[in-house]
$ cat input-v8.txt   # compact mmCIF, C-alpha atoms
# COMPACT_ATOMS: atom_id res chain seq x y z
CA MET A 1 -93.79 -81.01 -97.14
CA ASN A 2 -96.61 -79.70 -99.35
CA LYS A 3 -96.48 -76.49 -101.37
CA LYS A 4 -98.40 -74.64 -98.69
CA ASN A 5 -95.77 -75.32 -95.99
CA VAL A 6 -92.89 -74.58 -98.35
CA LEU A 7 -94.35 -71.21 -99.24
CA THR A 8 -94.96 -70.36 -95.58
CA LEU A 9 -91.30 -71.11 -94.80
CA LEU A 10 -90.25 -68.85 -97.66
CA VAL A 11 -92.39 -66.08 -96.24
CA ALA A 12 -90.58 -66.32 -92.89
CA MET A 13 -87.19 -66.32 -94.64
CA THR A 14 -88.02 -63.22 -96.63
CA MET A 15 -88.98 -61.42 -93.44
CA VAL A 16 -85.56 -62.16 -91.92
CA PHE A 17 -83.72 -60.82 -94.95
CA THR A 18 -85.92 -57.71 -95.18
CA MET A 19 -87.25 -58.39 -98.63
CA ALA A 20 -90.28 -56.31 -99.38
CA ALA A 21 -92.45 -59.04 -100.94
CA CYS A 22 -92.54 -62.42 -102.57
CA ASN A 23 -94.94 -62.99 -105.41
CA SER A 24 -95.59 -65.97 -107.72
CA GLY A 25 -98.53 -67.43 -109.62
CA ASN A 26 -99.12 -68.75 -113.12
CA ASN A 27 -100.20 -71.87 -114.99
CA ASP A 28 -98.26 -74.22 -112.73
CA GLY A 29 -100.75 -73.52 -109.93
CA LYS A 30 -98.35 -71.85 -107.49
CA THR A 31 -99.81 -69.31 -105.07
CA SER A 32 -99.61 -65.54 -105.09
CA THR A 33 -98.53 -63.86 -101.84
CA GLU A 34 -97.93 -60.43 -100.41
CA ASN A 35 -95.88 -60.72 -97.33
CA THR A 36 -94.04 -58.08 -95.39
CA SER A 37 -94.07 -54.45 -94.41
CA ASP A 38 -91.17 -52.30 -93.20
CA ALA A 39 -92.48 -52.50 -89.66
CA LYS A 40 -92.57 -56.28 -89.71
CA THR A 41 -89.11 -56.39 -91.26
CA ASN A 42 -87.63 -54.16 -88.57
CA ASN A 43 -89.33 -56.22 -85.88
CA ALA A 44 -87.99 -59.43 -87.41
CA ASN A 45 -84.44 -58.04 -87.34
CA THR A 46 -84.55 -56.76 -83.75
CA SER A 47 -86.65 -59.38 -81.98
CA THR A 48 -84.87 -62.05 -79.98
CA THR A 49 -87.61 -64.57 -80.82
CA PRO A 50 -88.37 -65.99 -84.29
CA PRO A 51 -91.13 -64.11 -86.15
CA ALA A 52 -94.52 -65.79 -86.31
CA GLU A 53 -95.27 -67.55 -89.59
CA GLU A 54 -97.82 -65.77 -91.72
CA GLU A 55 -100.54 -67.64 -93.56
CA GLU A 56 -100.16 -66.84 -97.23
CA GLU A 57 -103.23 -66.01 -99.25
CA LEU A 58 -104.21 -67.64 -102.51
CA LEU A 59 -105.31 -64.96 -104.96
CA PRO A 60 -106.95 -65.28 -108.38
CA GLU A 61 -104.85 -64.43 -111.41
CA PRO A 62 -105.16 -60.67 -112.11
CA ASP A 63 -106.51 -61.29 -115.63
CA ALA A 64 -109.10 -63.90 -114.58
CA LYS A 65 -112.50 -62.56 -115.64
CA GLU A 66 -114.47 -65.77 -116.17
CA LEU A 67 -114.23 -69.46 -115.21
CA THR A 68 -115.89 -72.27 -117.14
CA VAL A 69 -117.26 -75.05 -114.92
CA TRP A 70 -118.31 -78.47 -116.18
CA SER A 71 -121.03 -80.16 -114.16
CA ALA A 72 -124.20 -82.19 -114.58
CA GLY A 73 -127.09 -80.33 -116.15
CA THR A 74 -129.47 -81.65 -113.50
CA GLU A 75 -127.36 -79.94 -110.83
CA LYS A 76 -126.84 -76.63 -112.62
CA ALA A 77 -128.51 -74.68 -109.81
CA LEU A 78 -125.69 -75.47 -107.39
CA VAL A 79 -123.04 -74.07 -109.75
CA GLU A 80 -125.17 -70.98 -110.29
CA GLU A 81 -125.59 -70.39 -106.55
CA ALA A 82 -121.86 -70.82 -105.94
CA GLY A 83 -121.12 -68.65 -108.97
CA LYS A 84 -123.05 -65.75 -107.47
CA ALA A 85 -121.07 -65.98 -104.24
CA PHE A 86 -117.80 -66.25 -106.17
CA LYS A 87 -118.63 -63.25 -108.32
CA GLU A 88 -119.46 -61.21 -105.24
CA LYS A 89 -116.19 -62.14 -103.53
CA TYR A 90 -113.73 -62.05 -106.43
CA GLY A 91 -115.50 -60.23 -109.26
CA ILE A 92 -115.08 -63.26 -111.55
CA ASP A 93 -117.98 -64.65 -113.59
CA VAL A 94 -118.73 -68.37 -113.62
CA LYS A 95 -119.94 -69.98 -116.84
CA PHE A 96 -121.74 -73.34 -116.59
CA GLU A 97 -121.39 -76.08 -119.22
CA ASP A 98 -123.36 -79.32 -119.12
CA VAL A 99 -120.74 -82.07 -118.97
CA GLY A 100 -121.74 -84.79 -116.52
CA PRO A 101 -119.31 -86.48 -114.12
CA ASP A 102 -119.65 -89.75 -116.04
CA LYS A 103 -118.16 -88.13 -119.16
CA SER A 104 -115.95 -85.34 -117.84
CA PHE A 105 -112.62 -87.16 -117.49
CA ASP A 106 -112.75 -88.67 -120.97
CA LYS A 107 -113.75 -85.34 -122.49
CA MET A 108 -111.05 -83.48 -120.59
CA VAL A 109 -108.37 -85.86 -121.90
CA THR A 110 -108.99 -84.43 -125.36
CA ASP A 111 -110.34 -80.94 -124.60
CA GLY A 112 -107.91 -80.00 -121.83
CA PRO A 113 -104.66 -80.09 -123.84
CA ALA A 114 -106.49 -78.50 -126.76
CA GLY A 115 -107.29 -75.48 -124.60
CA VAL A 116 -111.07 -75.84 -124.81
CA GLY A 117 -111.77 -77.68 -121.56
CA GLY A 118 -113.50 -76.23 -118.53
CA ASP A 119 -111.30 -74.61 -115.93
CA LEU A 120 -112.61 -77.16 -113.46
CA PHE A 121 -114.97 -80.09 -113.74
CA LEU A 122 -117.09 -82.44 -111.67
CA GLY A 123 -115.94 -86.05 -111.87
CA VAL A 124 -116.06 -89.36 -110.01
CA HIS A 125 -112.98 -90.52 -108.13
CA ASN A 126 -112.65 -93.87 -109.88
CA GLN A 127 -111.56 -92.04 -113.05
CA LEU A 128 -108.67 -90.37 -111.25
CA GLY A 129 -106.12 -92.83 -112.63
CA VAL A 130 -107.19 -91.92 -116.14
CA GLY A 131 -106.81 -88.25 -115.31
CA THR A 132 -103.38 -88.43 -113.71
CA LYS A 133 -102.06 -90.72 -116.43
CA ALA A 134 -103.13 -88.16 -119.03
CA GLY A 135 -101.79 -85.28 -116.93
CA ILE A 136 -105.06 -83.35 -117.00
CA VAL A 137 -105.65 -82.69 -113.28
CA LEU A 138 -103.77 -80.60 -110.73
CA PRO A 139 -103.25 -81.84 -107.17
CA ASN A 140 -105.24 -80.24 -104.38
CA ASP A 141 -102.16 -78.64 -102.86
CA PHE A 142 -103.02 -75.27 -101.35
CA HIS A 143 -106.21 -76.50 -99.64
CA GLU A 144 -104.89 -79.99 -98.88
CA GLU A 145 -104.78 -79.76 -95.09
CA GLU A 146 -108.17 -78.07 -94.88
CA THR A 147 -109.73 -80.63 -97.20
CA LYS A 148 -108.37 -83.53 -95.17
CA ALA A 149 -109.49 -82.01 -91.88
CA ASN A 150 -113.05 -81.27 -93.05
CA ASN A 151 -114.02 -84.41 -94.96
CA ASN A 152 -114.76 -88.06 -94.29
CA PRO A 153 -111.49 -90.07 -94.36
CA VAL A 154 -113.02 -92.50 -96.88
CA THR A 155 -113.35 -89.62 -99.37
CA ILE A 156 -109.75 -88.56 -98.80
CA ASP A 157 -108.58 -92.12 -99.47
CA ALA A 158 -110.68 -92.20 -102.64
CA LEU A 159 -109.09 -88.99 -103.94
CA THR A 160 -105.50 -89.83 -103.06
CA LEU A 161 -103.21 -91.42 -105.64
CA ASP A 162 -99.48 -92.05 -105.28
CA GLY A 163 -99.51 -90.04 -102.07
CA LEU A 164 -101.07 -86.93 -103.65
CA LEU A 165 -104.54 -85.57 -102.97
CA TYR A 166 -106.52 -84.64 -106.07
CA GLY A 167 -109.90 -82.98 -106.24
CA TYR A 168 -112.23 -81.23 -103.83
CA PRO A 169 -114.87 -83.69 -102.53
CA LEU A 170 -118.48 -82.61 -102.99
CA SER A 171 -120.70 -85.63 -102.34
CA VAL A 172 -120.65 -89.38 -101.75
CA GLU A 173 -122.80 -92.31 -102.68
CA THR A 174 -123.01 -96.02 -102.08
CA ILE A 175 -125.75 -98.65 -102.04
CA GLY A 176 -127.97 -100.12 -99.35
CA LEU A 177 -130.97 -102.37 -98.86
CA TYR A 178 -134.44 -100.84 -99.21
CA TYR A 179 -137.26 -102.98 -97.88
CA ASN A 180 -141.05 -102.95 -97.80
CA LYS A 181 -142.07 -103.11 -94.14
CA ASP A 182 -145.47 -104.55 -95.10
CA LEU A 183 -143.87 -107.58 -96.74
CA VAL A 184 -141.03 -108.61 -94.42
CA PRO A 185 -141.56 -110.50 -91.12
CA ASN A 186 -142.70 -108.19 -88.29
CA GLY A 187 -141.90 -105.17 -90.44
CA GLU A 188 -138.15 -105.76 -90.16
CA ALA A 189 -135.88 -107.07 -92.93
CA PRO A 190 -133.81 -110.15 -92.07
CA LYS A 191 -130.41 -109.21 -90.65
CA THR A 192 -128.48 -112.28 -91.83
CA TRP A 193 -128.25 -114.08 -95.15
CA THR A 194 -129.39 -117.27 -93.45
CA ASP A 195 -132.63 -115.53 -92.51
CA VAL A 196 -132.95 -113.93 -95.97
CA ILE A 197 -132.77 -117.34 -97.58
CA SER A 198 -135.34 -118.81 -95.17
CA PHE A 199 -137.71 -115.89 -95.80
CA ALA A 200 -137.26 -116.14 -99.57
CA LYS A 201 -138.25 -119.81 -99.61
CA GLN A 202 -141.58 -118.84 -98.05
CA PHE A 203 -142.17 -115.56 -99.88
CA ASN A 204 -141.04 -116.27 -103.45
CA ASP A 205 -143.59 -117.04 -106.14
CA VAL A 206 -141.79 -117.07 -109.48
CA LYS A 207 -144.98 -117.46 -111.52
CA ALA A 208 -146.43 -114.37 -109.85
CA GLN A 209 -143.06 -112.59 -110.16
CA LYS A 210 -142.72 -112.25 -106.39
CA TYR A 211 -139.20 -112.22 -104.99
CA ALA A 212 -137.73 -111.64 -101.56
CA TYR A 213 -134.39 -110.06 -102.53
CA MET A 214 -133.02 -108.58 -105.74
CA TRP A 215 -129.87 -106.85 -106.95
CA LYS A 216 -128.18 -106.59 -110.33
CA MET A 217 -126.26 -109.84 -109.98
CA GLY A 218 -124.68 -109.45 -113.43
CA ASP A 219 -122.99 -106.17 -112.50
CA PHE A 220 -119.70 -106.28 -110.58
CA TYR A 221 -120.37 -102.93 -108.86
CA TRP A 222 -123.53 -104.33 -107.26
CA THR A 223 -122.01 -107.75 -106.53
CA TRP A 224 -118.73 -106.59 -104.98
CA GLY A 225 -120.06 -106.77 -101.40
CA PHE A 226 -120.03 -110.57 -101.51
CA LEU A 227 -116.30 -110.50 -102.25
CA SER A 228 -115.34 -107.76 -99.79
CA GLY A 229 -117.20 -109.63 -97.07
CA TYR A 230 -114.82 -112.54 -97.62
CA ASP A 231 -111.78 -110.21 -97.63
CA ALA A 232 -111.17 -110.43 -101.38
CA TYR A 233 -109.68 -107.55 -103.37
CA VAL A 234 -109.21 -106.45 -106.98
CA PHE A 235 -105.63 -105.13 -106.90
CA GLY A 236 -103.28 -105.51 -103.94
CA ASN A 237 -101.82 -102.75 -101.76
CA ASN A 238 -105.03 -100.75 -101.59
CA GLY A 239 -105.69 -101.04 -105.31
CA THR A 240 -102.24 -99.91 -106.48
CA ASP A 241 -100.35 -103.18 -107.10
CA LEU A 242 -101.41 -104.20 -110.60
CA ASN A 243 -99.26 -107.33 -110.41
CA ASP A 244 -101.35 -108.63 -107.52
CA ILE A 245 -104.85 -109.41 -108.80
CA GLY A 246 -106.99 -110.95 -106.07
CA LEU A 247 -110.04 -111.97 -108.06
CA ASN A 248 -109.09 -115.66 -108.13
CA SER A 249 -107.79 -115.84 -104.56
CA ASP A 250 -109.23 -118.33 -102.08
CA ALA A 251 -111.24 -115.49 -100.54
CA ALA A 252 -112.70 -114.47 -103.91
CA ILE A 253 -113.56 -118.07 -104.77
CA GLU A 254 -115.36 -118.49 -101.45
CA GLY A 255 -117.29 -115.26 -101.95
CA PHE A 256 -118.31 -116.15 -105.48
CA LYS A 257 -119.42 -119.64 -104.44
CA PHE A 258 -121.84 -118.12 -101.95
CA TYR A 259 -122.95 -115.64 -104.62
CA GLN A 260 -123.68 -118.55 -106.97
CA SER A 261 -125.71 -120.35 -104.31
CA LEU A 262 -128.18 -117.45 -104.19
CA LYS A 263 -129.58 -118.37 -107.57
CA GLU A 264 -131.79 -120.70 -105.55
CA ILE A 265 -133.72 -117.68 -104.25
CA LEU A 266 -133.35 -115.52 -107.36
CA PRO A 267 -133.83 -117.93 -110.28
CA LEU A 268 -133.41 -115.40 -113.07
CA ALA A 269 -130.69 -114.80 -115.65
CA THR A 270 -128.39 -111.84 -115.10
CA ALA A 271 -129.80 -110.05 -118.13
CA ASP A 272 -133.32 -110.31 -116.69
CA VAL A 273 -132.63 -107.99 -113.75
CA THR A 274 -132.37 -104.31 -114.65
CA ASP A 275 -132.95 -101.10 -112.70
CA ASP A 276 -136.37 -100.66 -114.29
CA ILE A 277 -137.47 -104.20 -113.50
CA LYS A 278 -136.32 -103.99 -109.88
CA THR A 279 -138.04 -100.64 -109.41
CA SER A 280 -141.28 -101.83 -110.98
CA LEU A 281 -141.43 -104.95 -108.82
CA PHE A 282 -140.54 -103.04 -105.67
CA THR A 283 -143.07 -100.23 -106.12
CA SER A 284 -145.82 -102.71 -107.07
CA GLY A 285 -145.36 -104.76 -103.91
CA LYS A 286 -143.84 -107.83 -105.55
CA LEU A 287 -140.30 -107.36 -104.29
CA ALA A 288 -139.65 -107.28 -100.56
CA MET A 289 -135.99 -106.16 -100.53
CA ASN A 290 -134.32 -104.08 -103.22
CA VAL A 291 -130.65 -103.07 -103.41
CA SER A 292 -130.27 -99.51 -104.69
CA GLY A 293 -128.70 -96.13 -103.94
CA PRO A 294 -129.67 -92.75 -102.47
CA TRP A 295 -130.70 -91.48 -105.89
CA GLN A 296 -133.94 -93.48 -105.53
CA ALA A 297 -134.75 -92.47 -101.96
CA ALA A 298 -137.32 -89.82 -102.88
CA GLU A 299 -138.96 -92.11 -105.44
CA PHE A 300 -139.33 -94.98 -102.99
CA LYS A 301 -140.60 -92.73 -100.19
CA THR A 302 -143.34 -91.60 -102.56
CA ASN A 303 -144.25 -94.93 -104.15
CA VAL A 304 -143.76 -97.50 -101.37
CA LYS A 305 -146.06 -96.84 -98.42
CA ASN A 306 -143.90 -98.29 -95.65
CA VAL A 307 -140.36 -98.28 -96.95
CA GLY A 308 -137.24 -98.72 -94.85
CA LEU A 309 -133.51 -98.80 -95.47
CA MET A 310 -130.88 -100.94 -93.79
CA GLU A 311 -127.31 -102.15 -94.05
CA PHE A 312 -126.67 -105.42 -95.85
CA PRO A 313 -127.36 -108.78 -94.20
CA THR A 314 -124.46 -110.45 -92.42
CA LEU A 315 -122.73 -113.12 -94.49
CA PRO A 316 -122.53 -116.79 -93.41
CA ASN A 317 -118.96 -116.16 -92.20
CA GLY A 318 -120.30 -113.56 -89.77
CA LYS A 319 -118.73 -110.62 -91.62
CA THR A 320 -120.24 -107.46 -93.07
CA MET A 321 -120.65 -106.83 -96.78
CA LYS A 322 -118.72 -103.70 -97.75
CA PRO A 323 -120.16 -102.25 -100.93
CA PHE A 324 -118.33 -100.10 -103.42
CA SER A 325 -118.73 -96.36 -103.04
CA GLY A 326 -118.16 -93.33 -105.23
CA VAL A 327 -116.98 -89.81 -104.47
CA LYS A 328 -117.94 -86.89 -106.68
CA ALA A 329 -115.42 -84.08 -106.60
CA PHE A 330 -114.42 -80.98 -108.49
CA PHE A 331 -111.06 -81.26 -110.23
CA VAL A 332 -108.91 -78.43 -111.56
CA ASN A 333 -107.93 -78.70 -115.20
CA ALA A 334 -104.11 -78.81 -115.42
CA ASN A 335 -104.32 -76.76 -118.62
CA SER A 336 -106.48 -73.99 -117.18
CA LYS A 337 -105.16 -70.46 -117.64
CA TYR A 338 -106.49 -69.67 -114.18
CA PRO A 339 -105.51 -72.47 -111.78
CA ASN A 340 -105.58 -70.24 -108.70
CA ALA A 341 -109.07 -68.92 -109.40
CA SER A 342 -110.21 -72.46 -110.20
CA LYS A 343 -108.88 -73.77 -106.89
CA LEU A 344 -110.68 -71.00 -105.05
CA PHE A 345 -113.98 -71.79 -106.76
CA ALA A 346 -113.55 -75.52 -106.13
CA GLN A 347 -112.96 -74.82 -102.46
CA LEU A 348 -116.02 -72.57 -102.26
CA ILE A 349 -118.49 -74.89 -104.00
CA THR A 350 -117.39 -77.86 -101.86
CA SER A 351 -117.57 -75.97 -98.55
CA GLU A 352 -119.91 -77.04 -95.75
CA GLU A 353 -122.41 -74.39 -96.82
CA PHE A 354 -122.67 -75.55 -100.41
CA GLN A 355 -122.58 -79.25 -99.56
CA LEU A 356 -125.66 -78.66 -97.41
CA LYS A 357 -127.23 -76.71 -100.27
CA ASN A 358 -126.40 -79.64 -102.58
CA PHE A 359 -128.33 -81.91 -100.20
CA GLU A 360 -131.26 -79.52 -99.95
CA LEU A 361 -131.51 -79.08 -103.70
CA PHE A 362 -130.84 -82.63 -104.90
CA GLY A 363 -130.54 -84.96 -101.91
CA ASN A 364 -126.82 -85.52 -102.58
CA LEU A 365 -125.00 -86.77 -99.48
CA PRO A 366 -122.15 -84.60 -98.15
CA SER A 367 -118.56 -85.67 -97.69
CA ASN A 368 -117.96 -82.76 -95.31
CA THR A 369 -118.16 -84.13 -91.75
CA ALA A 370 -119.76 -81.01 -90.28
CA ALA A 371 -122.42 -81.04 -93.00
CA ALA A 372 -123.00 -84.76 -92.44
CA ASN A 373 -123.64 -84.07 -88.75
CA ASN A 374 -126.12 -81.30 -89.51
CA GLU A 375 -129.62 -82.00 -88.21
CA LYS A 376 -130.97 -81.84 -91.77
CA ILE A 377 -128.96 -84.99 -92.48
CA THR A 378 -129.09 -86.81 -89.16
CA SER A 379 -132.86 -86.43 -88.89
CA ASP A 380 -133.34 -88.11 -92.28
CA GLU A 381 -133.38 -91.90 -91.80
CA PHE A 382 -132.25 -92.72 -95.33
CA SER A 383 -129.46 -90.16 -95.54
CA SER A 384 -128.02 -91.07 -92.16
CA THR A 385 -128.18 -94.79 -92.98
CA PHE A 386 -126.43 -94.35 -96.31
CA LEU A 387 -123.67 -92.31 -94.65
CA LYS A 388 -123.26 -95.07 -92.05
CA ILE A 389 -122.90 -97.61 -94.86
CA PHE A 390 -120.46 -95.30 -96.62
CA ASP A 391 -118.21 -95.23 -93.54
CA SER A 392 -117.43 -98.93 -94.00
CA SER A 393 -117.58 -98.96 -97.80
CA ILE A 394 -114.69 -99.48 -100.19
CA PRO A 395 -114.12 -96.73 -102.77
CA MET A 396 -114.05 -98.10 -106.30
CA PRO A 397 -110.45 -98.71 -107.40
CA LYS A 398 -109.14 -95.74 -109.36
CA ALA A 399 -106.26 -97.22 -111.34
CA ALA A 400 -106.67 -96.58 -115.05
CA GLU A 401 -106.13 -100.31 -115.58
CA MET A 402 -109.51 -101.04 -113.94
CA THR A 403 -110.88 -100.74 -117.47
CA ALA A 404 -109.52 -104.23 -118.12
CA MET A 405 -111.54 -105.55 -115.19
CA TRP A 406 -114.79 -103.74 -115.92
CA SER A 407 -114.78 -104.68 -119.60
CA THR A 408 -114.57 -108.40 -118.80
CA SER A 409 -116.70 -108.54 -115.65
CA GLU A 410 -120.16 -108.83 -117.20
CA ALA A 411 -119.33 -111.95 -119.18
CA THR A 412 -117.58 -113.48 -116.17
CA LEU A 413 -120.53 -112.94 -113.85
CA ALA A 414 -122.95 -114.27 -116.45
CA THR A 415 -120.92 -117.47 -116.68
CA LEU A 416 -120.75 -117.84 -112.90
CA TRP A 417 -124.43 -117.12 -112.30
CA ASN A 418 -126.29 -118.32 -115.37
CA GLU A 419 -124.21 -121.42 -116.05
CA GLN A 420 -123.19 -122.07 -112.45
CA ALA A 421 -119.73 -122.91 -113.79
CA ASP A 422 -116.84 -123.93 -111.55
CA ALA A 423 -115.79 -120.76 -109.72
CA LYS A 424 -112.04 -121.40 -109.66
CA THR A 425 -111.87 -122.23 -113.34
CA VAL A 426 -113.87 -119.16 -114.34
CA LEU A 427 -111.94 -116.82 -112.06
CA ASP A 428 -108.55 -118.11 -113.15
CA ASP A 429 -109.56 -117.42 -116.73
CA TRP A 430 -110.84 -113.96 -115.76
CA VAL A 431 -107.54 -112.96 -114.20
CA VAL A 432 -105.70 -114.00 -117.37
CA LYS A 433 -108.03 -111.79 -119.41
CA ILE A 434 -107.48 -108.86 -117.06
CA LYS A 435 -103.71 -109.24 -117.27
CA ASP A 436 -103.90 -109.41 -121.07
CA GLY A 437 -106.06 -106.29 -121.10
CA ILE A 438 -103.63 -104.39 -118.88
CA ALA A 439 -100.72 -105.45 -121.07
CA SER A 440 -102.53 -104.13 -124.16
CA MET A 441 -103.29 -100.82 -122.42
CA ASN A 442 -99.67 -100.28 -121.41
CA LYS A 443 -97.99 -101.11 -124.72
$ encode --input "input-v8.txt" --output "structure tokens"
Amino acid sequence: MNKKNVLTLLVAMTMVFTMAACNSGNNDGKTSTENTSDAKTNNANTSTTPPAEEEEELLPEPDAKELTVWSAGTEKALVEEAGKAFKEKYGIDVKFEDVGPDKSFDKMVTDGPAGVGGDLFLGVHNQLGVGTKAGIVLPNDFHEEETKANNNPVTIDALTLDGLLYGYPLSVETIGLYYNKDLVPNGEAPKTWTDVISFAKQFNDVKAQKYAYMWKMGDFYWTWGFLSGYDAYVFGNNGTDLNDIGLNSDAAIEGFKFYQSLKEILPLATADVTDDIKTSLFTSGKLAMNVSGPWQAAEFKTNVKNVGLMEFPTLPNGKTMKPFSGVKAFFVNANSKYPNASKLFAQLITSEEFQLKNFELFGNLPSNTAAANNEKITSDEFSSTFLKIFDSSIPMPKAAEMTAMWSTSEATLATLWNEQADAKTVLDDWVVKIKDGIASMNK
């Protein structure tokens, strides 16, 4: 039973015993409630049926005058818009500080306990393990049921750790396959990897720097889809069993062997493929298919005359590639003096209204299901396609120990791709390195 249900039960009990009110709320994030009147008390005592449960109200702390919100500087306008609405409703000012979601968790680990962190901050779900291990984030308790009911289940899974929901989801992102309709056969990108390979053998011209298909093959985030399509995994039990590392399993070996075979159609070293290089080749008409995310949608619509977006080609085993995905959410600082007010602001800025505004302002894709079904989203080919891909994506693992994997992945992929080394040997060695890294972290 979550805190919300417990408090509701207490409200009903206080009505039976004719207590005038029950009130709590301080730094531990509990709610403040005002419950009964004499009339309700008398009715509760005389009625032959149980009194109806009352929905308690979360109220800001009485001394809360200002909240500090960490978010990306490029998205300041959203915080300002939400701040105006929050000020109007609760009389509390909202102060913006430019701390991006890529840095917020690490900064909060030091600033939160020191009392100088934001009251709430925008972060990415894969850092949640770092946050809970350091004790710097509060669970999403009061709004838990509402959050679960209103958002894509993939986002809820991403923000749940050890059975507790953390954070208030704001937006989602994953990757897909952009293609130049003027370069691919009949204006449609190949739907299977067999067809991609056949097309590449006809289209590629290495001397002219023309390539059929390109992704950052030296980056595990961008390469993960080959493994997920063969049912491989990083950690067992949905990313929580650190003793079960699946990166040298038979499935992972099979996936990486197919990955290695694609050097035939992309004969470059891992270090030779960067975001800038891919973008330059794609916008200049030398790259037919380019793996990227929604953050480049507007750029490609402007600079590629006939651009399309599709899901990934089907693998030789007939299965779908499931890319990694990320969820941006607002998290409440466990050391905030105003946890109740912070929860209320987090709930407001991640509501359907402000998720749609986030899309309108910056093109960020909503996690809220009602917002995702809004005509503004469904009528946009790229946005609707990315959300479809997101539905079958796999959220990046959020265990703090993932650091041991990420820090060793680049060298591993370089060995597999550039040297075409034996997959099993390389992957067995990689798992040993990951285990050693985890052991060092947990000393």
$ closest_atom_pairs --input "input-v8.txt" --of "segment 167-212 of chain A" --to "segment 224-243 of chain A" --cutoff "12 Å" --atoms "all atoms listed in the file" --output "Markdown table"
| residue | atom | partner | partner_atom | distance |
| --- | --- | --- | --- | --- |
| A:Thr174 | CA | A:Gly225 | CA | 11.2 |
| A:Ile175 | CA | A:Gly225 | CA | 9.9 |
| A:Gly176 | CA | A:Gly225 | CA | 10.5 |
| A:Trp193 | CA | A:Phe226 | CA | 11.0 |
$ write_last_selection --input "input-v8.txt" --atoms "C-alpha atoms" --output "compact mmCIF listing (two decimals), in the frame of the given file"
# COMPACT_ATOMS: atom_id res chain seq x y z
CA THR A 174 -123.01 -96.02 -102.08
CA ILE A 175 -125.75 -98.65 -102.04
CA GLY A 176 -127.97 -100.12 -99.35
CA TRP A 193 -128.25 -114.08 -95.15
$ closest_atom_pairs --input "input-v8.txt" --of "segment 250-342 of chain A" --to "segment 408-427 of chain A" --cutoff "12 Å" --atoms "only C-alpha atoms" --output "tab-separated table"
residue	atom	partner	partner_atom	distance
A:Asp250	CA	A:Lys424	CA	8.6
A:Ala251	CA	A:Lys424	CA	10.9
A:Ala252	CA	A:Leu427	CA	8.5
A:Ile253	CA	A:Ala423	CA	6.1
A:Glu254	CA	A:Ala423	CA	8.6
A:Gly255	CA	A:Ala423	CA	9.6
A:Phe256	CA	A:Ala423	CA	6.8
A:Lys257	CA	A:Ala423	CA	6.5
A:Phe258	CA	A:Ala423	CA	10.2
A:Tyr259	CA	A:Trp417	CA	8.0
A:Gln260	CA	A:Trp417	CA	5.6
A:Ser261	CA	A:Gln420	CA	8.7
A:Leu262	CA	A:Trp417	CA	8.9
A:Lys263	CA	A:Trp417	CA	7.1
A:Glu264	CA	A:Trp417	CA	10.6
A:Leu266	CA	A:Trp417	CA	10.3
A:Pro267	CA	A:Asn418	CA	9.1
A:Leu268	CA	A:Asn418	CA	8.0
A:Ala269	CA	A:Asn418	CA	5.6
A:Thr270	CA	A:Ala414	CA	6.1
A:Ala271	CA	A:Ala414	CA	8.2
A:Asp272	CA	A:Asn418	CA	10.7
A:Val273	CA	A:Ala414	CA	11.9
$ atom_distance --input "input-v8.txt" --atom1 "atom CA of Glu375 of chain A" --atom2 "atom CA of Ile156 of chain A"
23.5 Å
$ residues_around --input "input-v8.txt" --residues "segment 81-97 of chain A" --least-positions-apart "3" --cutoff "12 Å" --atoms "all atoms listed in the file" --output "ChimeraX atom specification"
/A:58-78,100-101,104,116-122,338,340-351,353-355,357-358,361
$ atom_distance --input "input-v8.txt" --atom1 "atom CA of Asn186 of chain A" --atom2 "atom CA of Ser284 of chain A"
19.8 Å
$ atom_distance --input "input-v8.txt" --atom1 "atom CA of Asp157 of chain A" --atom2 "atom CA of Pro395 of chain A"
7.9 Å
$ residues_near_point --input "input-v8.txt" --point "(-126.1, -86.4, -94.2)" --cutoff "10 Å" --atoms "only C-alpha atoms" --output "count of residues only"
31
$ closest_residue --input "input-v8.txt" --among "A:Leu287, A:Leu247, A:Ile197, A:Leu183" --to "Trp215 of chain A" --atoms "all atoms listed in the file"
A:Leu287
$ residues_around --input "input-v8.txt" --residues "Thr160 of chain A" --least-positions-apart "2" --cutoff "10 Å" --atoms "only C-alpha atoms" --output "list in words"
His125, Leu128, Pro139, Asn140, Thr155, Ile156, Asp157, Ala158, Asp162, Gly163, Leu164, Leu165, Tyr166, Gly167 and Lys398 of chain A
$ closest_residue --input "input-v8.txt" --among "A:Asn303, A:Gly318, A:Gly246, A:Met217" --to "Thr274 of chain A" --atoms "all atoms listed in the file"
A:Met217
$ closest_residue --input "input-v8.txt" --among "A:Asn248, A:Thr302, A:Thr314, A:Thr279" --to "Val196 of chain A" --atoms "all atoms listed in the file"
A:Thr314
$ closest_residue --input "input-v8.txt" --among "A:Ala404, A:Ile277, A:Ala212, A:Ala399" --to "Ala439 of chain A" --atoms "all atoms listed in the file"
A:Ala404
$ closest_residue --input "input-v8.txt" --among "A:Lys319, A:Leu281, A:Ser407, A:Lys216" --to "Asp436 of chain A" --atoms "all atoms listed in the file"
A:Ser407
$ closest_residue --input "input-v8.txt" --among "A:Asp98, A:Asp182, A:Glu401, A:Asp244" --to "Phe282 of chain A" --atoms "only C-alpha atoms"
A:Asp182
